[in-house]
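What follows is coords33.pdb (PDB, C-alpha atoms).
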ATOM      1  CA  MET S   1      53.403  64.694  88.039  1.00  0.00           C
ATOM      2  CA  SER S   2      53.054  61.816  85.666  1.00  0.00           C
ATOM      3  CA  ASN S   3      56.103  60.099  84.251  1.00  0.00           C
ATOM      4  CA  ALA S   4      54.985  61.212  80.790  1.00  0.00           C
ATOM      5  CA  SER S   5      55.276  64.910  81.679  1.00  0.00           C
ATOM      6  CA  TYR S   6      58.865  64.584  82.933  1.00  0.00           C
ATOM      7  CA  PRO S   7      60.468  64.487  79.435  1.00  0.00           C
ATOM      8  CA  VAL S   8      58.333  67.452  78.344  1.00  0.00           C
ATOM      9  CA  LEU S   9      59.346  69.507  81.393  1.00  0.00           C
ATOM     10  CA  LEU S  10      62.969  68.481  80.939  1.00  0.00           C
ATOM     11  CA  THR S  11      62.941  69.568  77.287  1.00  0.00           C
ATOM     12  CA  ILE S  12      61.346  72.925  78.123  1.00  0.00           C
ATOM     13  CA  HIS S  13      63.812  73.412  80.984  1.00  0.00           C
ATOM     14  CA  LEU S  14      66.801  72.584  78.781  1.00  0.00           C
ATOM     15  CA  PHE S  15      65.745  74.918  75.958  1.00  0.00           C
ATOM     16  CA  CYS S  16      65.144  77.798  78.367  1.00  0.00           C
ATOM     17  CA  ALA S  17      68.464  77.067  80.089  1.00  0.00           C
ATOM     18  CA  LEU S  18      70.182  77.165  76.686  1.00  0.00           C
ATOM     19  CA  ILE S  19      68.603  80.524  75.871  1.00  0.00           C
ATOM     20  CA  PHE S  20      69.479  81.993  79.258  1.00  0.00           C
ATOM     21  CA  ALA S  21      73.009  80.568  79.461  1.00  0.00           C
ATOM     22  CA  GLY S  22      73.683  81.469  75.843  1.00  0.00           C
ATOM     23  CA  THR S  23      72.617  85.056  76.458  1.00  0.00           C
ATOM     24  CA  VAL S  24      74.814  85.312  79.544  1.00  0.00           C
ATOM     25  CA  PHE S  25      77.794  83.755  77.751  1.00  0.00           C
ATOM     26  CA  PHE S  26      77.297  86.120  74.781  1.00  0.00           C
ATOM     27  CA  GLU S  27      77.119  89.193  76.987  1.00  0.00           C
ATOM     28  CA  VAL S  28      80.148  88.262  79.104  1.00  0.00           C
ATOM     29  CA  LEU S  29      82.454  86.554  76.618  1.00  0.00           C
ATOM     30  CA  VAL S  30      81.551  88.153  73.274  1.00  0.00           C
ATOM     31  CA  LEU S  31      80.128  91.590  73.949  1.00  0.00           C
ATOM     32  CA  GLU S  32      82.843  92.539  76.440  1.00  0.00           C
ATOM     33  CA  GLY S  33      85.517  91.581  73.890  1.00  0.00           C
ATOM     34  CA  VAL S  34      83.863  93.665  71.173  1.00  0.00           C
ATOM     35  CA  ARG S  35      83.801  96.769  73.367  1.00  0.00           C
ATOM     36  CA  LYS S  36      87.522  97.456  72.752  1.00  0.00           C
ATOM     37  CA  HIS S  37      87.103  97.454  68.975  1.00  0.00           C
ATOM     38  CA  VAL S  38      83.928  99.501  68.548  1.00  0.00           C
ATOM     39  CA  PRO S  39      83.497 103.250  69.056  1.00  0.00           C
ATOM     40  CA  ALA S  40      81.851 104.070  72.392  1.00  0.00           C
ATOM     41  CA  GLU S  41      78.741 105.650  70.835  1.00  0.00           C
ATOM     42  CA  ALA S  42      78.170 102.655  68.550  1.00  0.00           C
ATOM     43  CA  MET S  43      78.681 100.295  71.487  1.00  0.00           C
ATOM     44  CA  ARG S  44      76.098 102.179  73.575  1.00  0.00           C
ATOM     45  CA  ALA S  45      73.601 101.867  70.704  1.00  0.00           C
ATOM     46  CA  VAL S  46      74.277  98.121  70.412  1.00  0.00           C
ATOM     47  CA  GLU S  47      73.922  97.677  74.181  1.00  0.00           C
ATOM     48  CA  ARG S  48      70.645  99.621  74.214  1.00  0.00           C
ATOM     49  CA  GLY S  49      69.266  97.453  71.404  1.00  0.00           C
ATOM     50  CA  ILE S  50      70.370  94.208  73.027  1.00  0.00           C
ATOM     51  CA  GLY S  51      69.169  95.445  76.412  1.00  0.00           C
ATOM     52  CA  ARG S  52      65.664  96.168  75.109  1.00  0.00           C
ATOM     53  CA  ARG S  53      65.434  92.725  73.549  1.00  0.00           C
ATOM     54  CA  VAL S  54      66.814  90.963  76.621  1.00  0.00           C
ATOM     55  CA  ARG S  55      64.479  92.865  78.979  1.00  0.00           C
ATOM     56  CA  TRP S  56      61.550  91.685  76.851  1.00  0.00           C
ATOM     57  CA  LEU S  57      62.713  88.078  76.412  1.00  0.00           C
ATOM     58  CA  MET S  58      64.373  87.133  79.710  1.00  0.00           C
ATOM     59  CA  PRO S  59      61.323  87.449  81.992  1.00  0.00           C
ATOM     60  CA  ILE S  60      59.486  84.972  79.749  1.00  0.00           C
ATOM     61  CA  VAL S  61      62.488  82.647  79.614  1.00  0.00           C
ATOM     62  CA  LEU S  62      63.107  82.841  83.376  1.00  0.00           C
ATOM     63  CA  VAL S  63      59.479  82.219  84.337  1.00  0.00           C
ATOM     64  CA  THR S  64      59.343  79.231  81.991  1.00  0.00           C
ATOM     65  CA  LEU S  65      62.766  77.966  83.109  1.00  0.00           C
ATOM     66  CA  PHE S  66      61.875  78.172  86.803  1.00  0.00           C
ATOM     67  CA  SER S  67      58.379  76.743  86.304  1.00  0.00           C
ATOM     68  CA  ALA S  68      59.768  73.721  84.474  1.00  0.00           C
ATOM     69  CA  GLY S  69      62.558  73.468  87.060  1.00  0.00           C
ATOM     70  CA  PHE S  70      60.078  73.382  89.937  1.00  0.00           C
ATOM     71  CA  GLY S  71      58.109  70.702  88.105  1.00  0.00           C
ATOM     72  CA  LEU S  72      61.279  68.663  87.655  1.00  0.00           C
ATOM     73  CA  ALA S  73      62.277  69.173  91.299  1.00  0.00           C
ATOM     74  CA  ALA S  74      58.856  67.902  92.366  1.00  0.00           C
ATOM     75  CA  HIS S  75      59.747  64.633  90.665  1.00  0.00           C
ATOM     76  CA  TYR S  76      62.621  64.310  93.153  1.00  0.00           C
ATOM     77  CA  GLY S  77      60.632  65.541  96.169  1.00  0.00           C
ATOM     78  CA  GLU S  78      61.342  62.534  98.351  1.00  0.00           C
ATOM     79  CA  GLN S  79      65.076  62.698  97.678  1.00  0.00           C
ATOM     80  CA  LEU S  80      65.137  66.447  98.331  1.00  0.00           C
ATOM     81  CA  THR S  81      63.280  65.964 101.614  1.00  0.00           C
ATOM     82  CA  HIS S  82      65.964  63.546 102.840  1.00  0.00           C
ATOM     83  CA  PRO S  83      69.168  64.406 100.940  1.00  0.00           C
ATOM     84  CA  ALA S  84      71.662  62.999 103.466  1.00  0.00           C
ATOM     85  CA  GLY S  85      73.881  60.401 101.850  1.00  0.00           C
ATOM     86  CA  ASN S  86      72.368  61.014  98.420  1.00  0.00           C
ATOM     87  CA  PRO S  87      74.905  62.774  96.166  1.00  0.00           C
ATOM     88  CA  PHE S  88      72.276  63.441  93.496  1.00  0.00           C
ATOM     89  CA  ALA S  89      69.969  65.223  95.959  1.00  0.00           C
ATOM     90  CA  ILE S  90      72.809  67.210  97.518  1.00  0.00           C
ATOM     91  CA  LEU S  91      74.031  68.428  94.137  1.00  0.00           C
ATOM     92  CA  LEU S  92      70.454  69.179  93.059  1.00  0.00           C
ATOM     93  CA  MET S  93      69.921  71.265  96.205  1.00  0.00           C
ATOM     94  CA  ILE S  94      73.108  73.224  95.493  1.00  0.00           C
ATOM     95  CA  LYS S  95      71.943  73.716  91.888  1.00  0.00           C
ATOM     96  CA  ILE S  96      68.553  74.967  93.092  1.00  0.00           C
ATOM     97  CA  GLY S  97      70.277  77.356  95.508  1.00  0.00           C
ATOM     98  CA  LEU S  98      72.431  78.755  92.726  1.00  0.00           C
ATOM     99  CA  ALA S  99      69.387  79.094  90.450  1.00  0.00           C
ATOM    100  CA  LEU S 100      67.541  81.012  93.181  1.00  0.00           C
ATOM    101  CA  SER S 101      70.583  83.261  93.523  1.00  0.00           C
ATOM    102  CA  VAL S 102      70.475  83.942  89.768  1.00  0.00           C
ATOM    103  CA  PHE S 103      66.806  84.857  90.123  1.00  0.00           C
ATOM    104  CA  GLY S 104      67.807  87.191  92.953  1.00  0.00           C
ATOM    105  CA  HIS S 105      70.338  88.825  90.618  1.00  0.00           C
ATOM    106  CA  PHE S 106      67.529  89.358  88.102  1.00  0.00           C
ATOM    107  CA  LEU S 107      65.358  90.998  90.784  1.00  0.00           C
ATOM    108  CA  ILE S 108      68.241  93.229  91.899  1.00  0.00           C
ATOM    109  CA  ALA S 109      68.883  94.329  88.303  1.00  0.00           C
ATOM    110  CA  SER S 110      65.178  95.108  87.863  1.00  0.00           C
ATOM    111  CA  TYR S 111      65.172  97.135  91.076  1.00  0.00           C
ATOM    112  CA  TRP S 112      68.312  99.042  90.057  1.00  0.00           C
ATOM    113  CA  ARG S 113      66.734  99.821  86.665  1.00  0.00           C
ATOM    114  CA  MET S 114      63.544 101.001  88.321  1.00  0.00           C
ATOM    115  CA  CYS S 115      65.538 103.278  90.670  1.00  0.00           C
ATOM    116  CA  GLU S 116      67.728 104.388  87.741  1.00  0.00           C
ATOM    117  CA  ILE S 117      70.919 103.318  89.522  1.00  0.00           C
ATOM    118  CA  PHE S 118      71.880 100.508  87.153  1.00  0.00           C
ATOM    119  CA  THR S 119      75.354 101.684  86.178  1.00  0.00           C
ATOM    120  CA  ALA S 120      77.697 100.090  83.641  1.00  0.00           C
ATOM    121  CA  ARG S 121      79.914  98.880  86.507  1.00  0.00           C
ATOM    122  CA  ARG S 122      76.988  97.258  88.317  1.00  0.00           C
ATOM    123  CA  SER S 123      75.869  95.662  85.076  1.00  0.00           C
ATOM    124  CA  ARG S 124      79.328  94.240  84.428  1.00  0.00           C
ATOM    125  CA  LEU S 125      79.685  92.857  87.971  1.00  0.00           C
ATOM    126  CA  LEU S 126      76.183  91.401  87.882  1.00  0.00           C
ATOM    127  CA  HIS S 127      76.824  89.727  84.535  1.00  0.00           C
ATOM    128  CA  ILE S 128      80.114  88.227  85.744  1.00  0.00           C
ATOM    129  CA  SER S 129      78.416  86.899  88.876  1.00  0.00           C
ATOM    130  CA  VAL S 130      75.542  85.383  86.886  1.00  0.00           C
ATOM    131  CA  PHE S 131      78.074  83.925  84.427  1.00  0.00           C
ATOM    132  CA  CYS S 132      79.891  82.171  87.298  1.00  0.00           C
ATOM    133  CA  HIS S 133      76.577  80.904  88.679  1.00  0.00           C
ATOM    134  CA  VAL S 134      75.547  79.580  85.254  1.00  0.00           C
ATOM    135  CA  VAL S 135      78.858  77.751  84.783  1.00  0.00           C
ATOM    136  CA  LEU S 136      78.426  76.075  88.177  1.00  0.00           C
ATOM    137  CA  ILE S 137      74.782  75.212  87.444  1.00  0.00           C
ATOM    138  CA  VAL S 138      75.740  73.591  84.132  1.00  0.00           C
ATOM    139  CA  LEU S 139      78.503  71.576  85.796  1.00  0.00           C
ATOM    140  CA  LEU S 140      76.151  70.483  88.582  1.00  0.00           C
ATOM    141  CA  ALA S 141      73.396  69.587  86.108  1.00  0.00           C
ATOM    142  CA  LYS S 142      75.771  67.227  84.367  1.00  0.00           C
ATOM    143  CA  GLY S 143      77.468  66.024  87.530  1.00  0.00           C
ATOM    144  CA  MET S 144      74.256  65.135  89.345  1.00  0.00           C
ATOM    145  CA  PHE S 145      73.963  62.001  87.257  1.00  0.00           C
ATOM    146  CA  HIS S 146      77.630  61.033  87.358  1.00  0.00           C
ATOM    147  CA  ILE S 147      79.271  62.201  90.592  1.00  0.00           C
ATOM    148  CA  GLN S 148      79.348  59.835  93.527  1.00  0.00           C
ATOM    149  CA  PHE S 149      80.933  60.738  96.867  1.00  0.00           C
TER     150      PHE S 149
END

Can the structure from this file be put into structure tokens for me?
Amino acid sequence: MSNASYPVLLTIHLFCALIFAGTVFFEVLVLEGVRKHVPAEAMRAVERGIGRRVRWLMPIVLVTLFSAGFGLAAHYGEQLTHPAGNPFAILLMIKIGLALSVFGHFLIASYWRMCEIFTARRSRLLHISVFCHVVLIVLLAKGMFHIQF
């Protein structure tokens, strides 16, 4: 990868991360709080509408996010190959592991939908887990450039 493509990949990665994290934060922090104040039937209609939009948008966002992320990781290939004693590489590896776990959550949700076993409880637990992953990923993304141990 040329040095010129790094800022482009970084910008794409950041915008996709914003879309993904923003969606997760909205679903966990906003939508859950609204549930108590909206009639159940209206809430189901809202969730169906949001769900359709998210199921259309998120695959595009995730593919782009991961593609840009892999391109960015390639820039640090040498450090990732030998991470010992390199806080940046260690934190980046943890961040990559968490991101792969989020992708696994997405695959599990898709499988559950396909098998028609994606219950409201499973959805809630999955969203909370992804939310926690996203918070950690954001903290690691910032910390990679500032944490020394």

With only C-alpha atoms counted and 8 Å as the cut-off, give the residues of range 77-132 of chain S in contact with range 11-30 of chain S, each with its shortest interatomic distance in Å and the pair that gives it, as CSV.
residue,atom,partner,partner_atom,distance
S:His127,CA,S:Val28,CA,6.5
S:Ile128,CA,S:Val28,CA,6.6
S:Val130,CA,S:Val24,CA,7.4
S:Phe131,CA,S:Val24,CA,6.0

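CA of Tyr111 in chain S lies 18.1 Å from CA of Arg53 in chain S.
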
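If you measure from each of S:Met93, S:Trp112, S:Glu32, S:Arg52 to Gly69 in chain S using all atoms listed in the file, the closest one turns out to be S:Met93.
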
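CA of Phe118 in chain S is found 27.2 Å from CA of Lys95 in chain S.
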
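Separating CA of Leu98 in chain S from CA of Arg55 in chain S is a distance of 21.2 Å.
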
ask   = Written as a PyMOL selection string, which residues does the PyMOL selection byres ((chain S and resi 138-147) around 10) give for the file shown?
value = chain S and resi 17-18+21+87-96+98+133-137+148-149

Residue selection dump (C-alpha atoms) as a PDB file, in the frame of the given file:
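So part10.pdb came out as:
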ATOM      1  CA  ALA S  17      68.464  77.067  80.089  1.00  0.00           C
ATOM      2  CA  LEU S  18      70.182  77.165  76.686  1.00  0.00           C
ATOM      3  CA  ALA S  21      73.009  80.568  79.461  1.00  0.00           C
ATOM      4  CA  PRO S  87      74.905  62.774  96.166  1.00  0.00           C
ATOM      5  CA  PHE S  88      72.276  63.441  93.496  1.00  0.00           C
ATOM      6  CA  ALA S  89      69.969  65.223  95.959  1.00  0.00           C
ATOM      7  CA  ILE S  90      72.809  67.210  97.518  1.00  0.00           C
ATOM      8  CA  LEU S  91      74.031  68.428  94.137  1.00  0.00           C
ATOM      9  CA  LEU S  92      70.454  69.179  93.059  1.00  0.00           C
ATOM     10  CA  MET S  93      69.921  71.265  96.205  1.00  0.00           C
ATOM     11  CA  ILE S  94      73.108  73.224  95.493  1.00  0.00           C
ATOM     12  CA  LYS S  95      71.943  73.716  91.888  1.00  0.00           C
ATOM     13  CA  ILE S  96      68.553  74.967  93.092  1.00  0.00           C
ATOM     14  CA  LEU S  98      72.431  78.755  92.726  1.00  0.00           C
ATOM     15  CA  HIS S 133      76.577  80.904  88.679  1.00  0.00           C
ATOM     16  CA  VAL S 134      75.547  79.580  85.254  1.00  0.00           C
ATOM     17  CA  VAL S 135      78.858  77.751  84.783  1.00  0.00           C
ATOM     18  CA  LEU S 136      78.426  76.075  88.177  1.00  0.00           C
ATOM     19  CA  ILE S 137      74.782  75.212  87.444  1.00  0.00           C
ATOM     20  CA  GLN S 148      79.348  59.835  93.527  1.00  0.00           C
ATOM     21  CA  PHE S 149      80.933  60.738  96.867  1.00  0.00           C
TER      22      PHE S 149
END

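Residue nearest Ile108 in chain S, chosen from S:Leu31, S:Leu126, S:Arg121, S:Gly49 and counting all atoms listed in the file: S:Leu126.
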
Quick one: range 84-99 of chain S with N, CA and C atoms, as a PDB file, in the first residue's frame?
ATOM      1  N   ALA S  84       5.546  -8.281  20.284  1.00  0.00           N
ATOM      2  CA  ALA S  84       6.120  -8.285  21.637  1.00  0.00           C
ATOM      3  C   ALA S  84       6.843  -6.972  21.931  1.00  0.00           C
ATOM      4  N   GLY S  85       6.508  -6.387  23.053  1.00  0.00           N
ATOM      5  CA  GLY S  85       7.154  -5.145  23.470  1.00  0.00           C
ATOM      6  C   GLY S  85       6.682  -3.916  22.736  1.00  0.00           C
ATOM      7  N   ASN S  86       5.684  -4.058  21.872  1.00  0.00           N
ATOM      8  CA  ASN S  86       5.170  -2.925  21.112  1.00  0.00           C
ATOM      9  C   ASN S  86       3.717  -2.675  21.528  1.00  0.00           C
ATOM     10  N   PRO S  87       3.491  -1.720  22.436  1.00  0.00           N
ATOM     11  CA  PRO S  87       2.126  -1.483  22.921  1.00  0.00           C
ATOM     12  C   PRO S  87       1.125  -1.205  21.801  1.00  0.00           C
ATOM     13  N   PHE S  88       1.548  -0.449  20.796  1.00  0.00           N
ATOM     14  CA  PHE S  88       0.662  -0.140  19.674  1.00  0.00           C
ATOM     15  C   PHE S  88       0.180  -1.429  19.007  1.00  0.00           C
ATOM     16  N   ALA S  89       1.108  -2.327  18.696  1.00  0.00           N
ATOM     17  CA  ALA S  89       0.759  -3.570  18.003  1.00  0.00           C
ATOM     18  C   ALA S  89      -0.110  -4.468  18.877  1.00  0.00           C
ATOM     19  N   ILE S  90       0.178  -4.515  20.160  1.00  0.00           N
ATOM     20  CA  ILE S  90      -0.623  -5.344  21.067  1.00  0.00           C
ATOM     21  C   ILE S  90      -2.053  -4.825  21.131  1.00  0.00           C
ATOM     22  N   LEU S  91      -2.209  -3.529  21.293  1.00  0.00           N
ATOM     23  CA  LEU S  91      -3.549  -2.943  21.339  1.00  0.00           C
ATOM     24  C   LEU S  91      -4.267  -3.096  20.001  1.00  0.00           C
ATOM     25  N   LEU S  92      -3.536  -2.953  18.899  1.00  0.00           N
ATOM     26  CA  LEU S  92      -4.133  -3.150  17.580  1.00  0.00           C
ATOM     27  C   LEU S  92      -4.606  -4.589  17.409  1.00  0.00           C
ATOM     28  N   MET S  93      -3.828  -5.544  17.885  1.00  0.00           N
ATOM     29  CA  MET S  93      -4.248  -6.955  17.785  1.00  0.00           C
ATOM     30  C   MET S  93      -5.509  -7.211  18.607  1.00  0.00           C
ATOM     31  N   ILE S  94      -5.589  -6.619  19.794  1.00  0.00           N
ATOM     32  CA  ILE S  94      -6.796  -6.765  20.607  1.00  0.00           C
ATOM     33  C   ILE S  94      -7.986  -6.135  19.880  1.00  0.00           C
ATOM     34  N   LYS S  95      -7.766  -4.963  19.293  1.00  0.00           N
ATOM     35  CA  LYS S  95      -8.823  -4.268  18.544  1.00  0.00           C
ATOM     36  C   LYS S  95      -9.297  -5.123  17.361  1.00  0.00           C
ATOM     37  N   ILE S  96      -8.368  -5.720  16.657  1.00  0.00           N
ATOM     38  CA  ILE S  96      -8.723  -6.590  15.527  1.00  0.00           C
ATOM     39  C   ILE S  96      -9.520  -7.797  16.024  1.00  0.00           C
ATOM     40  N   GLY S  97      -9.100  -8.372  17.140  1.00  0.00           N
ATOM     41  CA  GLY S  97      -9.833  -9.504  17.714  1.00  0.00           C
ATOM     42  C   GLY S  97     -11.258  -9.140  18.080  1.00  0.00           C
ATOM     43  N   LEU S  98     -11.428  -7.975  18.693  1.00  0.00           N
ATOM     44  CA  LEU S  98     -12.770  -7.511  19.033  1.00  0.00           C
ATOM     45  C   LEU S  98     -13.603  -7.251  17.776  1.00  0.00           C
ATOM     46  N   ALA S  99     -12.976  -6.671  16.764  1.00  0.00           N
ATOM     47  CA  ALA S  99     -13.690  -6.405  15.499  1.00  0.00           C
ATOM     48  C   ALA S  99     -14.127  -7.724  14.852  1.00  0.00           C
TER      49      ALA S  99
END
